[in-house]
Each structure stands twice: as structure tokens, then as C-alpha cells.
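Data block for structure_16.cif (mmCIF, C-alpha atoms):
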data_run
loop_
_atom_site.label_atom_id
_atom_site.label_comp_id
_atom_site.auth_asym_id
_atom_site.auth_seq_id
_atom_site.Cartn_x
_atom_site.Cartn_y
_atom_site.Cartn_z
CA MET A 1 -54.68 -60.81 -187.76
CA VAL A 2 -53.20 -57.63 -186.33
CA GLY A 3 -50.84 -57.93 -183.42
CA ALA A 4 -51.76 -55.64 -180.58
CA VAL A 5 -50.59 -55.05 -177.05
CA ARG A 6 -53.11 -56.36 -174.57
CA GLU A 7 -53.82 -54.56 -171.33
CA PRO A 8 -53.45 -56.74 -168.24
CA SER A 9 -56.60 -58.22 -166.83
CA LEU A 10 -57.75 -56.79 -163.50
CA CYS A 11 -58.70 -60.26 -162.28
CA VAL A 12 -56.32 -62.74 -160.69
CA LEU A 13 -54.76 -65.00 -163.27
CA SER A 14 -55.36 -68.69 -163.06
CA PHE A 15 -52.33 -70.95 -163.13
CA CYS A 16 -52.66 -71.92 -166.75
CA GLU A 17 -55.17 -69.87 -168.60
CA ARG A 18 -56.94 -66.61 -167.91
CA VAL A 19 -58.97 -66.40 -171.07
CA SER A 20 -59.56 -69.20 -173.43
CA GLN A 21 -61.70 -68.69 -176.44
CA LYS A 22 -61.67 -71.57 -178.75
CA MET A 23 -63.61 -71.81 -181.92
CA GLU A 24 -63.46 -74.63 -184.34
CA SER A 25 -65.38 -74.46 -187.54
CA GLY A 26 -64.74 -77.36 -189.82
CA THR A 27 -61.03 -77.29 -190.39
CA VAL A 28 -60.40 -73.80 -189.03
CA TYR A 29 -59.13 -73.47 -185.48
CA THR A 30 -58.76 -70.25 -183.53
CA LYS A 31 -57.67 -69.75 -179.97
CA SER A 32 -56.73 -66.88 -177.69
CA TRP A 33 -54.86 -67.06 -174.41
CA VAL A 34 -53.58 -64.67 -171.76
CA LEU A 35 -50.95 -66.60 -169.85
CA PRO A 36 -48.48 -65.99 -167.01
CA SER A 37 -44.79 -65.61 -167.80
CA THR A 38 -43.61 -69.00 -166.62
CA VAL A 39 -41.83 -71.83 -168.38
CA LEU A 40 -44.97 -73.96 -168.10
CA THR A 41 -46.70 -71.61 -170.53
CA VAL A 42 -44.36 -72.57 -173.38
CA GLY A 43 -45.02 -76.29 -173.12
CA GLN A 44 -48.75 -75.82 -172.69
CA VAL A 45 -49.15 -73.63 -175.77
CA CYS A 46 -46.90 -75.81 -177.91
CA ARG A 47 -48.68 -79.04 -177.03
CA GLN A 48 -52.12 -77.69 -177.78
CA LEU A 49 -51.26 -75.93 -181.01
CA LEU A 50 -49.09 -78.71 -182.44
CA GLU A 51 -51.94 -81.16 -181.90
CA GLN A 52 -54.21 -78.92 -183.96
CA VAL A 53 -51.55 -78.54 -186.65
CA ARG A 54 -51.17 -82.32 -186.86
CA ARG A 55 -54.94 -82.79 -187.10
CA ARG A 56 -54.98 -80.56 -190.16
CA GLY A 57 -52.45 -82.72 -191.96
CA PHE A 58 -49.37 -80.50 -191.87
CA GLU A 59 -46.27 -82.48 -192.80
CA GLU A 60 -43.45 -83.23 -190.36
CA GLN A 61 -41.16 -80.54 -191.73
CA ASP A 62 -43.86 -77.92 -191.14
CA ILE A 63 -44.54 -79.25 -187.64
CA PHE A 64 -40.81 -79.10 -186.82
CA ALA A 65 -40.61 -75.51 -188.09
CA ILE A 66 -43.71 -74.40 -186.19
CA HIS A 67 -42.59 -76.11 -183.00
CA LEU A 68 -39.15 -74.51 -183.11
CA ALA A 69 -40.52 -71.05 -183.85
CA LEU A 70 -43.12 -71.35 -181.08
CA GLU A 71 -40.54 -72.42 -178.50
CA GLU A 72 -38.22 -69.57 -179.45
CA ALA A 73 -40.92 -66.89 -179.71
CA LEU A 74 -42.68 -67.79 -176.45
CA THR A 75 -39.39 -68.07 -174.59
CA ASN A 76 -38.35 -64.65 -175.92
CA ALA A 77 -41.65 -63.09 -174.82
CA ILE A 78 -41.34 -64.54 -171.32
CA HIS A 79 -37.60 -64.11 -170.80
CA HIS A 80 -36.67 -61.00 -172.78
CA GLY A 81 -40.03 -59.27 -173.00
CA ASN A 82 -41.46 -59.87 -169.54
CA HIS A 83 -38.16 -60.63 -167.74
CA ASN A 84 -39.66 -63.82 -166.29
CA ASP A 85 -42.02 -61.74 -164.16
CA PRO A 86 -44.95 -64.05 -163.36
CA GLU A 87 -47.14 -60.97 -162.82
CA LYS A 88 -46.73 -60.10 -166.48
CA THR A 89 -48.66 -61.90 -169.15
CA VAL A 90 -48.12 -63.24 -172.62
CA SER A 91 -51.09 -62.94 -175.00
CA VAL A 92 -51.42 -65.45 -177.80
CA GLU A 93 -53.85 -65.41 -180.71
CA CYS A 94 -53.75 -68.28 -183.15
CA LEU A 95 -55.49 -69.21 -186.37
CA ILE A 96 -54.87 -72.58 -187.97
CA THR A 97 -56.35 -73.56 -191.34
CA PRO A 98 -55.38 -76.38 -193.67
CA GLU A 99 -53.27 -73.79 -195.54
CA LYS A 100 -51.48 -71.91 -192.78
CA PHE A 101 -50.49 -71.52 -189.16
CA ASP A 102 -50.89 -67.90 -188.08
CA ILE A 103 -50.00 -66.66 -184.61
CA SER A 104 -49.47 -63.41 -182.74
CA ILE A 105 -47.57 -63.36 -179.45
CA ALA A 106 -47.53 -60.21 -177.33
CA ASP A 107 -45.67 -59.50 -174.11
CA GLN A 108 -45.99 -56.65 -171.63
CA GLY A 109 -42.45 -55.43 -171.96
CA SER A 110 -41.26 -52.10 -173.28
CA GLY A 111 -40.42 -53.62 -176.64
CA PHE A 112 -37.28 -53.37 -178.73
CA ASP A 113 -36.12 -52.63 -182.26
CA PRO A 114 -35.55 -55.96 -184.00
CA GLU A 115 -33.45 -54.19 -186.63
CA THR A 116 -30.81 -53.49 -184.00
CA LEU A 117 -30.41 -57.10 -182.93
CA PRO A 118 -26.81 -58.20 -183.34
CA ASP A 119 -26.23 -60.98 -185.86
CA PRO A 120 -25.41 -64.06 -183.76
CA ARG A 121 -23.38 -65.52 -186.64
CA CYS A 122 -20.79 -62.75 -186.70
CA GLY A 123 -17.56 -62.23 -184.79
CA GLU A 124 -17.73 -62.63 -181.05
CA ASN A 125 -21.51 -63.14 -181.18
CA LEU A 126 -20.89 -66.62 -182.55
CA TYR A 127 -19.52 -67.64 -179.16
CA LYS A 128 -22.30 -66.11 -177.09
CA THR A 129 -24.74 -68.38 -175.31
CA GLU A 130 -27.85 -66.41 -176.26
CA GLY A 131 -29.26 -64.41 -179.14
CA ARG A 132 -30.14 -67.02 -181.79
CA GLY A 133 -33.89 -67.23 -181.30
CA VAL A 134 -34.98 -64.54 -183.77
CA LEU A 135 -32.58 -65.85 -186.42
CA LEU A 136 -34.14 -69.30 -186.13
CA ILE A 137 -37.66 -67.88 -186.20
CA ARG A 138 -36.86 -66.00 -189.42
CA ALA A 139 -35.34 -69.13 -190.95
CA TYR A 140 -38.31 -71.37 -190.24
CA MET A 141 -41.35 -69.11 -190.61
CA ASP A 142 -42.66 -67.58 -193.85
CA VAL A 143 -43.84 -64.31 -192.32
CA VAL A 144 -42.18 -62.65 -189.33
CA GLU A 145 -43.46 -59.22 -188.31
CA TYR A 146 -43.06 -57.10 -185.20
CA ASN A 147 -45.38 -54.28 -184.23
CA THR A 148 -43.92 -50.79 -184.02
CA MET A 149 -43.11 -51.10 -180.34
CA GLY A 150 -41.50 -54.50 -180.76
CA ASN A 151 -43.50 -56.30 -178.11
CA CYS A 152 -45.82 -58.20 -180.41
CA LEU A 153 -44.66 -60.77 -182.91
CA HIS A 154 -46.77 -62.05 -185.79
CA LEU A 155 -45.75 -65.30 -187.51
CA ILE A 156 -47.14 -67.29 -190.40
CA LYS A 157 -46.09 -70.70 -191.67
CA TYR A 158 -47.71 -71.74 -194.94
CA ARG A 159 -48.28 -75.43 -195.27
CA GLY A 160 -45.79 -77.15 -197.52
CA LYS A 161 -43.66 -74.08 -198.19
CA ALA A 162 -40.02 -75.13 -197.96
CA VAL A 163 -37.91 -74.06 -195.02
CA PRO A 164 -35.40 -73.14 -193.73
CA HIS A 165 -35.12 -69.88 -195.62
CA LYS A 166 -31.68 -68.50 -196.41
CA ILE A 167 -31.12 -65.57 -194.07
CA MET B 1 -23.46 -98.81 -171.43
CA ASP B 2 -21.64 -97.81 -168.25
CA ARG B 3 -23.95 -95.38 -166.56
CA SER B 4 -27.24 -93.69 -167.03
CA ASN B 5 -29.42 -91.14 -165.38
CA ALA B 6 -32.85 -89.87 -166.23
CA ASN B 7 -31.90 -88.34 -169.57
CA LEU B 8 -28.31 -89.33 -170.33
CA SER B 9 -26.32 -92.47 -170.79
CA ILE B 10 -22.54 -92.39 -170.35
CA GLU B 11 -20.01 -94.78 -171.79
CA TYR B 12 -16.24 -94.85 -171.55
CA ILE B 13 -14.53 -95.92 -174.77
CA GLY B 14 -10.76 -95.85 -175.04
CA GLY B 15 -10.36 -92.93 -172.64
CA VAL B 16 -13.18 -90.97 -174.25
CA THR B 17 -16.33 -90.18 -172.30
CA VAL B 18 -19.26 -90.69 -174.65
CA VAL B 19 -22.41 -88.96 -173.48
CA VAL B 20 -25.71 -89.86 -175.12
CA PRO B 21 -28.73 -87.64 -174.38
CA THR B 22 -31.65 -90.06 -174.43
CA ASP B 23 -34.55 -87.61 -174.72
CA THR B 24 -35.75 -87.22 -178.29
CA LYS B 25 -36.70 -83.61 -177.59
CA ILE B 26 -34.47 -81.35 -175.54
CA LEU B 27 -36.46 -78.24 -174.85
CA GLU B 28 -37.44 -77.82 -171.21
CA GLU B 29 -35.36 -75.73 -168.85
CA GLU B 30 -35.24 -78.57 -166.35
CA GLN B 31 -33.79 -80.96 -168.96
CA ILE B 32 -31.15 -78.47 -170.00
CA GLN B 33 -30.14 -77.73 -166.42
CA SER B 34 -29.90 -81.45 -165.68
CA LEU B 35 -27.73 -82.02 -168.74
CA GLU B 36 -25.51 -79.08 -167.83
CA LYS B 37 -25.03 -80.30 -164.29
CA THR B 38 -23.99 -83.75 -165.48
CA PHE B 39 -21.69 -82.47 -168.21
CA MET B 40 -19.93 -79.99 -165.91
CA SER B 41 -19.45 -82.68 -163.29
CA LEU B 42 -17.84 -84.94 -165.88
CA ILE B 43 -15.48 -82.18 -166.99
CA GLU B 44 -14.51 -81.26 -163.45
CA GLN B 45 -13.83 -84.87 -162.48
CA ASN B 46 -11.48 -85.39 -165.42
CA ALA B 47 -8.94 -82.71 -166.24
CA GLY B 48 -8.10 -82.89 -169.91
CA ALA B 49 -11.30 -84.84 -170.54
CA ARG B 50 -12.03 -86.06 -174.04
CA LEU B 51 -15.76 -85.76 -174.41
CA LEU B 52 -18.05 -86.93 -177.22
CA ILE B 53 -21.73 -86.06 -177.28
CA ASP B 54 -23.71 -88.52 -179.39
CA PHE B 55 -26.97 -86.97 -180.64
CA SER B 56 -28.39 -90.11 -182.25
CA HIS B 57 -31.61 -90.00 -180.17
CA VAL B 58 -32.22 -86.27 -180.47
CA GLN B 59 -34.94 -85.18 -182.91
CA PHE B 60 -35.63 -81.68 -181.59
CA LEU B 61 -33.76 -78.99 -179.70
CA THR B 62 -34.00 -75.26 -179.15
CA SER B 63 -31.42 -72.48 -179.15
CA SER B 64 -31.06 -72.94 -175.37
CA VAL B 65 -29.32 -76.24 -176.08
CA LEU B 66 -26.93 -74.45 -178.44
CA GLY B 67 -26.14 -72.07 -175.59
CA LEU B 68 -25.47 -75.02 -173.31
CA LEU B 69 -23.09 -76.53 -175.87
CA ILE B 70 -21.16 -73.26 -176.07
CA ARG B 71 -20.83 -73.13 -172.29
CA LEU B 72 -19.63 -76.73 -172.31
CA SER B 73 -17.16 -76.06 -175.07
CA ARG B 74 -15.75 -73.12 -173.13
CA ARG B 75 -15.41 -75.19 -169.97
CA VAL B 76 -13.80 -78.11 -171.79
CA SER B 77 -11.32 -75.75 -173.35
CA GLN B 78 -10.47 -74.21 -169.97
CA ALA B 79 -9.89 -77.72 -168.64
CA GLU B 80 -7.60 -78.41 -171.63
CA GLY B 81 -9.94 -81.12 -172.83
CA ARG B 82 -11.57 -81.81 -176.18
CA LEU B 83 -15.19 -81.91 -177.23
CA ARG B 84 -16.75 -83.45 -180.32
CA LEU B 85 -20.34 -83.97 -181.43
CA CYS B 86 -21.64 -86.81 -183.58
CA SER B 87 -24.69 -88.47 -185.14
CA ILE B 88 -26.70 -85.28 -185.47
CA ALA B 89 -29.97 -85.75 -187.41
CA PRO B 90 -30.10 -83.73 -190.68
CA LYS B 91 -32.86 -81.37 -189.51
CA ILE B 92 -30.94 -80.67 -186.30
CA LEU B 93 -27.68 -80.22 -188.21
CA GLU B 94 -29.54 -77.64 -190.27
CA ILE B 95 -29.99 -75.58 -187.09
CA PHE B 96 -26.22 -75.72 -186.49
CA LYS B 97 -25.64 -74.58 -190.07
CA ILE B 98 -28.15 -71.73 -189.91
CA THR B 99 -26.48 -70.41 -186.75
CA ARG B 100 -23.00 -71.19 -188.18
CA LEU B 101 -22.23 -73.27 -185.14
CA ASP B 102 -21.20 -76.05 -187.50
CA LYS B 103 -17.98 -73.98 -187.82
CA VAL B 104 -17.52 -73.75 -184.05
CA PHE B 105 -17.95 -77.37 -183.04
CA GLU B 106 -16.19 -80.46 -184.33
CA ILE B 107 -19.12 -82.41 -185.77
CA TYR B 108 -18.84 -85.94 -187.10
CA LYS B 109 -21.26 -88.09 -189.03
CA ASP B 110 -21.12 -91.03 -186.63
CA ARG B 111 -19.50 -92.25 -183.44
CA GLN B 112 -16.79 -94.25 -185.17
CA GLN B 113 -15.52 -91.27 -187.13
CA ALA B 114 -15.76 -89.02 -184.09
CA LEU B 115 -13.70 -91.36 -181.92
CA GLU B 116 -10.84 -91.51 -184.41
CA GLY B 117 -8.13 -89.19 -183.27
CA LEU B 118 -9.99 -88.01 -180.19
#

Let me see the file written as C-alpha cells.
Amino acid sequence: MVGAVREPSLCVLSFCERVSQKMESGTVYTKSWVLPSTVLTVGQVCRQLLEQVRRRGFEEQDIFAIHLALEEALTNAIHHGNHNDPEKTVSVECLITPEKFDISIADQGSGFDPETLPDPRCGENLYKTEGRGVLLIRAYMDVVEYNTMGNCLHLIKYRGKAVPHKI
Amino acid sequence: MDRSNANLSIEYIGGVTVVVPTDTKILEEEQIQSLEKTFMSLIEQNAGARLLIDFSHVQFLTSSVLGLLIRLSRRVSQAEGRLRLCSIAPKILEIFKITRLDKVFEIYKDRQQALEGL
């Protein structure tokens, strides 16, 4: 899956879901969403995807890792990427197989350079109230990739692969 | 159990205010705001408050909760109080360790150990 910036739809967004394409073939699940930048989006996406992960027999430690990464990544897209602007959307593409959970999350912000993120574990950063989301995502997911612009995040969690990783 | 609201129970043990979040998952903005409001009220009502947060029910939290704990810690310190955490599940404690917040907060294995000397 290649993360890409999605252009906003010209149509009015529904409250929960503008586009929903769901395909399920045996044990493979794919879904795409374009969602408004509200806190309700996070819960909605998490509930639906975690149910599919559970159905495919992922163990509790994988489910915990995926849940945490999803919460952090979606919150970052809405809060930092789209600045909580309900007119801006978050695009989600997800593929779940018995072997992996694979997701791309794109916002409509101007992006950022993840290499310049301050380390929240160092110095004064340790006492800041924000800035730990990406660290936790990197600790709990097996693949973490940003597109060049920094407004699309691609994550993979392989089933059964031990986490957290040492960062 | 002395007091409870929708997502917290509060007990008073030997001059220590023991706060027990009762939700197993703390992740929604509304939950976090509610917790913050209650905690700040407790701190403001009791200068020099000795506060213990018992995490025995909590099985999931996000980095927003860590941010809340830092704000609380700051406020407790300003009020010349003390804050300890206890009974954190291993997978949640792992999050504190990854973020190195296990070095910032006083974390105890259980309530009994946390109450000693508080």
C-alpha cells in the first residue's frame, strides 16, 4: 500500500463516513474511509478495525499495540495535521490479513519532517504534556513510514512479532 | 469507598486522598477532561494534598493521559503536595518506561507500598 494525499471531496461530508469501501475475501479485510477531523472519528475507526483484528485471531499483545498506535496516529492527524478543523478530512486505508495489520492515515495538513521531532524523553521535553505519540507508535508498530511531505503515515504490525521495540 | 463519580472513586486513608479511575480504558477526550477537573478540584481544596492515583482498573491509556499526569504533577508541586501512582498493569507500566516517565513519577507496585511514607 502506498500512502498518498487525498484531495478533498467536493460533496458534503456525512457525519461519520464519506466513502466506505469494504471488501472481505475470506480472511482478508480492506476498508477505506474519508472522515471529518473530529474526536468521534478516532473511536469509530478503532472500534471497527479492532473488531476485524480480533476476528482474525491476533493475540492480545498485538491488539493492544494496534489500538495504541491507532489512537495516537489518528489523534495526531486530526490535532496536529488538520488542527481540529472539521472541514478537513482524514483518509484511512486499511488491509488486515491473518499475518498483518497494514494501515495508511493521511491528513490535509502541510506536513512536517518527522526527523526533526524533539525526543520527548530528553531534558525539558520529559516534562512537556505533549509530544509522545510518535515515540509510542514507533515502539509498538513494526513498520512506521511517512511520505515525503509528512502528512501520510503508513504503519504495519505483523502478527505475533514482539513489541515494544527498543527505540 | 468514600465518594465516586462516573469514572472515579475517591477514598481518604490516613490523610491521603486515594483516587481510583474506574474505567478500564482511558482514551476519550471527555474522560480525560472529567478526570482533570476532578483531580484539580481535589488539589485546590486541599493545600499540601497527598494524592495517590491507583491504576488497578486501568488496562489501556493513551499519551493524552500521560500529559494529564504531568499537568497534575505540576499542580500538586505548586500546591506543595505530593503525588504517587500505584498498581499499574505491566503493559501500561511499559508505556511509562518507553517514555521514561517512570523516572518522573513515584510509582509503586501496590497501594500498601505507596501509602507508606506518603

Chain A near chain B within 10 Å: what's each residue's closest atom pair and its distance in Å to one decimal, counting all atoms listed in the file, ordered by chain then ascending residue number, as a Markdown table?
| residue | atom | partner | partner_atom | distance |
| --- | --- | --- | --- | --- |
| A:Val39 | CA | B:Glu29 | CA | 7.6 |
| A:Leu40 | CA | B:Glu28 | CA | 9.0 |
| A:Val42 | CA | B:Glu28 | CA | 9.0 |
| A:Gly43 | CA | B:Glu28 | CA | 8.0 |
| A:Gln61 | CA | B:Lys91 | CA | 8.6 |
| A:Phe64 | CA | B:Phe60 | CA | 7.8 |
| A:Ala65 | CA | B:Lys91 | CA | 9.8 |
| A:His67 | CA | B:Phe60 | CA | 9.0 |
| A:Leu68 | CA | B:Thr62 | CA | 6.5 |
| A:Ala69 | CA | B:Thr62 | CA | 9.1 |
| A:Glu71 | CA | B:Thr62 | CA | 7.2 |
| A:Glu72 | CA | B:Thr62 | CA | 7.1 |
| A:Thr75 | CA | B:Ser64 | CA | 9.7 |
| A:Asp119 | CA | B:Thr99 | CA | 9.5 |
| A:Pro120 | CA | B:Thr99 | CA | 7.1 |
| A:Arg121 | CA | B:Thr99 | CA | 5.8 |
| A:Cys122 | CA | B:Arg100 | CA | 8.8 |
| A:Leu126 | CA | B:Leu101 | CA | 7.3 |
| A:Tyr127 | CA | B:Ile70 | CA | 6.6 |
| A:Lys128 | CA | B:Gly67 | CA | 7.2 |
| A:Thr129 | CA | B:Gly67 | CA | 4.0 |
| A:Glu130 | CA | B:Gly67 | CA | 6.0 |
| A:Gly131 | CA | B:Ser63 | CA | 8.4 |
| A:Arg132 | CA | B:Ser63 | CA | 6.2 |
| A:Gly133 | CA | B:Ser63 | CA | 6.2 |
| A:Val134 | CA | B:Ser63 | CA | 9.9 |
| A:Leu135 | CA | B:Thr99 | CA | 7.6 |
| A:Leu136 | CA | B:Ile98 | CA | 7.5 |
| A:Ala139 | CA | B:Ile98 | CA | 7.7 |
| A:Tyr140 | CA | B:Ile95 | CA | 9.8 |
| A:Pro164 | CA | B:Glu94 | CA | 8.2 |
| A:His165 | CA | B:Ile98 | CA | 9.2 |
| A:Lys166 | CA | B:Ile98 | CA | 8.1 |
| A:Ile167 | CA | B:Ile98 | CA | 8.0 |

To box range 79-96 of chain B, take all atoms listed in the file, fit an axis-aligned box, add 3 Å on each side, and give centre and edge lengths in Å to one decimal, as AutoDock Vina command-line options.
--center_x -20.2 --center_y -82.0 --center_z -179.7 --size_x 31.3 --size_y 18.9 --size_z 28.0

>> When you count all atoms listed in the file, which of these residues is closest to Cys46 in chain A: A:Val34, A:Ile78, A:Lys157, A:Ala73?
In response: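 Comparing A:Val34, A:Ile78, A:Lys157, A:Ala73 against Cys46 in chain A, the winner is A:Ala73.
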
> Once the PyMOL selection byres ((chain A and resi 35) around 6) has been applied to the shown file, what residues remain in the selection, as a list of chain:residue names?
Replying inline: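 Applying the PyMOL selection byres ((chain A and resi 35) around 6) to the structure shown produces A:Glu17, A:Val34, A:Pro36, A:Thr89, A:Val90.
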
> Taking the file as shown, what set of residues would the PyMOL selection byres ((chain A and resi 93) around 8) give back, as number ranges by chain?
Replying inline: A: 30-33, 91-92, 94-95, 103-105

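Here CA of Gly14 in chain B stands at a distance of 11.9 Å from CA of Gln112 in chain B.
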
> Any idea what the distance is between CA of Leu51 in chain B and CA of Leu35 in chain B?
Replying inline: 13.8 Å

>> I'd like the interatomic distance between CA of Gly117 in chain B and CA of Thr22 in chain B, to a tenth of an Å.
In response: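 For CA of Gly117 in chain B relative to CA of Thr22 in chain B, the distance reads 25.1 Å.
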
Using the chain letters and numbers from the file, give me the residues hit by the PyMOL selection byres ((chain B and resi 55-57) around 12), as a CSV table (one decimal) with C-alpha atoms, keeping the file's coordinate frame.
chain,number,residue,atom,x,y,z
B,7,ASN,CA,-31.9,-88.3,-169.6
B,8,LEU,CA,-28.3,-89.3,-170.3
B,9,SER,CA,-26.3,-92.5,-170.8
B,18,VAL,CA,-19.3,-90.7,-174.6
B,19,VAL,CA,-22.4,-89.0,-173.5
B,20,VAL,CA,-25.7,-89.9,-175.1
B,21,PRO,CA,-28.7,-87.6,-174.4
B,22,THR,CA,-31.6,-90.1,-174.4
B,23,ASP,CA,-34.6,-87.6,-174.7
B,24,THR,CA,-35.8,-87.2,-178.3
B,25,LYS,CA,-36.7,-83.6,-177.6
B,26,ILE,CA,-34.5,-81.4,-175.5
B,52,LEU,CA,-18.0,-86.9,-177.2
B,53,ILE,CA,-21.7,-86.1,-177.3
B,54,ASP,CA,-23.7,-88.5,-179.4
B,58,VAL,CA,-32.2,-86.3,-180.5
B,59,GLN,CA,-34.9,-85.2,-182.9
B,60,PHE,CA,-35.6,-81.7,-181.6
B,61,LEU,CA,-33.8,-79.0,-179.7
B,65,VAL,CA,-29.3,-76.2,-176.1
B,84,ARG,CA,-16.8,-83.4,-180.3
B,85,LEU,CA,-20.3,-84.0,-181.4
B,86,CYS,CA,-21.6,-86.8,-183.6
B,87,SER,CA,-24.7,-88.5,-185.1
B,88,ILE,CA,-26.7,-85.3,-185.5
B,89,ALA,CA,-30.0,-85.8,-187.4
B,90,PRO,CA,-30.1,-83.7,-190.7
B,92,ILE,CA,-30.9,-80.7,-186.3
B,93,LEU,CA,-27.7,-80.2,-188.2
B,107,ILE,CA,-19.1,-82.4,-185.8
B,108,TYR,CA,-18.8,-85.9,-187.1
B,109,LYS,CA,-21.3,-88.1,-189.0
B,110,ASP,CA,-21.1,-91.0,-186.6
B,111,ARG,CA,-19.5,-92.2,-183.4
B,114,ALA,CA,-15.8,-89.0,-184.1

>> Within 12 Å of (-47.0, -83.4, -187.6) (file coordinates; only C-alpha atoms), which protein or nucleic acid residues are there? I'd like them as a ChimeraX atom specification.
In response: /A:47,49-67,159-160

>> Nearest residue to Asp113 in chain A out of A:Val143, A:Leu70, A:Met149, A:Val163, using only C-alpha atoms?
In response: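 Answer, going by the shortest atom-to-atom distance: A:Met149.
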